[in-house]
Amino acid sequence: MKTYLSEIFSSIQGEGPYVGERHLFVRFCACHRKCIYCDTNTELADYCIVERQPGSGEFEQIKNAMSVTQVADIIRDVDAKTRNKQISITGGAPLMQSRFLLKLLPILKNEGHSIYLESAGDLPRELKSIIEFVDVVAMDVKLESVTEEKSTFPAHWQFLKLCRDYNVEVFTKLVLSANTHEGELMEAAKGIKKAGGDDTLVIIQPMTKAEKTDAVPSPDQLFRWQDKVASVLPNVRVIPQTHKMLEML
Ligand code: SF4
């Protein structure tokens, strides 16, 4: 079995509650969504870019598609050069490659790795097929007023409930822009509470300026939205994309 990857590298986790931890990132190509603020090339790449020596800025190009054995070997090689706390499975939408993950993740788990899955949070069936191999789920809850795509709340609630049912650590991430509709934000907060419980951690991630949008939220908006979400879900933090400040991968 083979898949398309865009990057493998070790860096600092720049988002969410694990910010600052050293992670080994495995970035899959392709995504079923088209968020307006997307900062990732989601096309199928001809080559996977591998930074074998973390921070060196030297990248090896490996022809796609790649086998499970190839990917596991590269992860071993990069991980041997630095201590990574977790393997961050990211994309694109890695769950679109759930059959590949079903082969790769057991190998990584057997070798003692903690698996951190970053997901758009809307493919519950695919999550279910691999959930036993995942330690932490970082799931988005996408707002139509921010992504400019049709709302997918029901899929998010199924996804979150699944994490809870399987006792997998999960946190939700709300990317908010200046265009965030407050009514929709509160509907999301209530949906998170219902599906995940009121102790669910919510990360408000202020949108970073992107190629197609510069609707970055103001400090005033962020304070107000944090207060509003906290009236439903007390555990809410505002964390920006810190790796971008440092111009890291
Ligand atoms: S889900 Fe993520 S990778 Fe896919 S389009 Fe949205 S921001 Fe980009």
# chains A, B, ... in the order shown; residues from 1 in each chain; ligands from 1
>>> residues_near_ligand(ligand="ligand 1", cutoff="12 Å", atoms="only C-alpha atoms and all ligand atoms", output="number ranges by chain")
A: 6, 27-43, 90-96, 118-123, 138-144, 146-149, 152, 173-175, 207-208, 210-212
>>> select_by_dssp(residues="range 1-244 of chain A", states="alpha helix (DSSP H)", output="PyMOL selection string")
chain A and resi 68-80+98-110+124-130+144-147+153-165+182-196+219-230+242-244
>>> closest_residue(among="A:Val137, A:Val26, A:Leu201, A:Val229", to="Glu182 in chain A", atoms="only C-alpha atoms")
A:Val229
>>> residues_around(residues="Val202 in chain A", least_positions_apart="4", cutoff="7 Å", atoms="only C-alpha atoms", output="ChimeraX atom specification")
/A:171-173,235-237
>>> atom_distance(atom1="CA of Tyr47 in chain A", atom2="CA of Gln61 in chain A")
5.6 Å
>>> closest_residue(among="A:Val19, A:Ile192, A:Leu44, A:Ala155", to="Pro240 in chain A", atoms="only C-alpha atoms")
A:Val19
>>> residues_around(residues="Trp225 in chain A", least_positions_apart="4", cutoff="12 Å", atoms="only C-alpha atoms", output="VMD selection string")
chain A and resid 174 to 178 180 to 186 188 to 189 202 to 206 217 to 221 229 to 233 236 to 238
>>> atom_distance(atom1="CA of Phe133 in chain A", atom2="CA of Leu105 in chain A")
6.1 Å
>>> select_by_dssp(residues="range 1-245 of chain A", states="strand (DSSP E)", output="PyMOL selection string")
chain A and resi 2-3+5-12+22-28+47-50+60-63+66-67+86-90+115-119+136-140+169-176+201-206+236-238
>>> write_last_selection(atoms="C-alpha atoms", output="PDB file, in the first residue's frame")
ATOM      1  CA  LYS A   2       1.275   3.454  -0.915  1.00  0.00           C
ATOM      2  CA  THR A   3       0.328   7.047  -0.183  1.00  0.00           C
ATOM      3  CA  LEU A   5       3.083  12.658   1.581  1.00  0.00           C
ATOM      4  CA  SER A   6       4.247  16.247   1.319  1.00  0.00           C
ATOM      5  CA  GLU A   7       6.683  16.619   4.239  1.00  0.00           C
ATOM      6  CA  ILE A   8       8.424  14.763   7.059  1.00  0.00           C
ATOM      7  CA  PHE A   9      10.376  16.879   9.555  1.00  0.00           C
ATOM      8  CA  SER A  10      10.935  17.511  13.253  1.00  0.00           C
ATOM      9  CA  SER A  11       9.940  20.877  14.698  1.00  0.00           C
ATOM     10  CA  ILE A  12       8.204  22.592  17.558  1.00  0.00           C
ATOM     11  CA  ARG A  22       9.106  18.765  19.938  1.00  0.00           C
ATOM     12  CA  HIS A  23       7.098  16.753  17.416  1.00  0.00           C
ATOM     13  CA  LEU A  24       7.965  14.760  14.339  1.00  0.00           C
ATOM     14  CA  PHE A  25       5.514  15.873  11.668  1.00  0.00           C
ATOM     15  CA  VAL A  26       4.261  13.538   8.960  1.00  0.00           C
ATOM     16  CA  ARG A  27       2.229  15.621   6.525  1.00  0.00           C
ATOM     17  CA  PHE A  28      -0.151  13.868   4.141  1.00  0.00           C
ATOM     18  CA  TYR A  47       7.832  14.385  -4.073  1.00  0.00           C
ATOM     19  CA  CYS A  48       7.831  14.226  -0.295  1.00  0.00           C
ATOM     20  CA  ILE A  49      10.264  16.727   1.252  1.00  0.00           C
ATOM     21  CA  VAL A  50      12.268  15.233   4.126  1.00  0.00           C
ATOM     22  CA  GLU A  60      15.761  15.505   0.444  1.00  0.00           C
ATOM     23  CA  GLN A  61      13.115  14.839  -2.193  1.00  0.00           C
ATOM     24  CA  ILE A  62      11.590  11.378  -2.154  1.00  0.00           C
ATOM     25  CA  LYS A  63       9.373  10.280  -5.004  1.00  0.00           C
ATOM     26  CA  MET A  66       5.526   6.053  -0.646  1.00  0.00           C
ATOM     27  CA  SER A  67       5.139   2.686   1.042  1.00  0.00           C
ATOM     28  CA  GLN A  86       4.995  12.729  19.707  1.00  0.00           C
ATOM     29  CA  ILE A  87       4.510  11.843  16.061  1.00  0.00           C
ATOM     30  CA  SER A  88       2.158  14.450  14.650  1.00  0.00           C
ATOM     31  CA  ILE A  89       0.040  13.007  11.843  1.00  0.00           C
ATOM     32  CA  THR A  90      -1.124  16.004   9.872  1.00  0.00           C
ATOM     33  CA  ILE A 115       0.468   9.471  18.136  1.00  0.00           C
ATOM     34  CA  TYR A 116      -0.974  12.976  17.858  1.00  0.00           C
ATOM     35  CA  LEU A 117      -3.597  13.242  15.114  1.00  0.00           C
ATOM     36  CA  GLU A 118      -4.424  16.652  13.655  1.00  0.00           C
ATOM     37  CA  SER A 119      -7.742  16.538  11.881  1.00  0.00           C
ATOM     38  CA  VAL A 136      -4.218  12.654  21.241  1.00  0.00           C
ATOM     39  CA  VAL A 137      -6.754  14.069  18.788  1.00  0.00           C
ATOM     40  CA  ALA A 138      -6.524  17.727  17.832  1.00  0.00           C
ATOM     41  CA  MET A 139      -9.840  18.309  16.089  1.00  0.00           C
ATOM     42  CA  ASP A 140     -11.103  21.376  14.293  1.00  0.00           C
ATOM     43  CA  GLU A 169      -7.594  12.563  24.744  1.00  0.00           C
ATOM     44  CA  VAL A 170      -9.163  15.235  22.553  1.00  0.00           C
ATOM     45  CA  PHE A 171      -9.269  18.982  22.306  1.00  0.00           C
ATOM     46  CA  THR A 172     -11.228  21.172  19.910  1.00  0.00           C
ATOM     47  CA  LYS A 173      -9.807  24.012  17.881  1.00  0.00           C
ATOM     48  CA  LEU A 174     -11.871  26.919  16.590  1.00  0.00           C
ATOM     49  CA  VAL A 175     -10.063  29.016  14.016  1.00  0.00           C
ATOM     50  CA  LEU A 176     -11.706  32.445  14.227  1.00  0.00           C
ATOM     51  CA  LEU A 201     -10.796  21.946  26.118  1.00  0.00           C
ATOM     52  CA  VAL A 202     -11.426  24.596  23.461  1.00  0.00           C
ATOM     53  CA  ILE A 203      -8.586  26.372  21.735  1.00  0.00           C
ATOM     54  CA  ILE A 204      -9.495  29.599  20.001  1.00  0.00           C
ATOM     55  CA  GLN A 205      -6.893  30.016  17.289  1.00  0.00           C
ATOM     56  CA  PRO A 206      -6.922  33.514  15.784  1.00  0.00           C
ATOM     57  CA  VAL A 236     -11.074  27.899  26.727  1.00  0.00           C
ATOM     58  CA  ARG A 237      -7.693  29.323  25.752  1.00  0.00           C
ATOM     59  CA  VAL A 238      -6.582  31.671  22.985  1.00  0.00           C
TER      60      VAL A 238
END
>>> atom_distance(atom1="CA of Arg224 in chain A", atom2="CA of Met248 in chain A")
29.9 Å
>>> residues_around(residues="Phe100 in chain A", least_positions_apart="2", cutoff="8 Å", atoms="only C-alpha atoms", output="VMD selection string")
chain A and resid 1 to 3 68 97 to 98 102 to 104
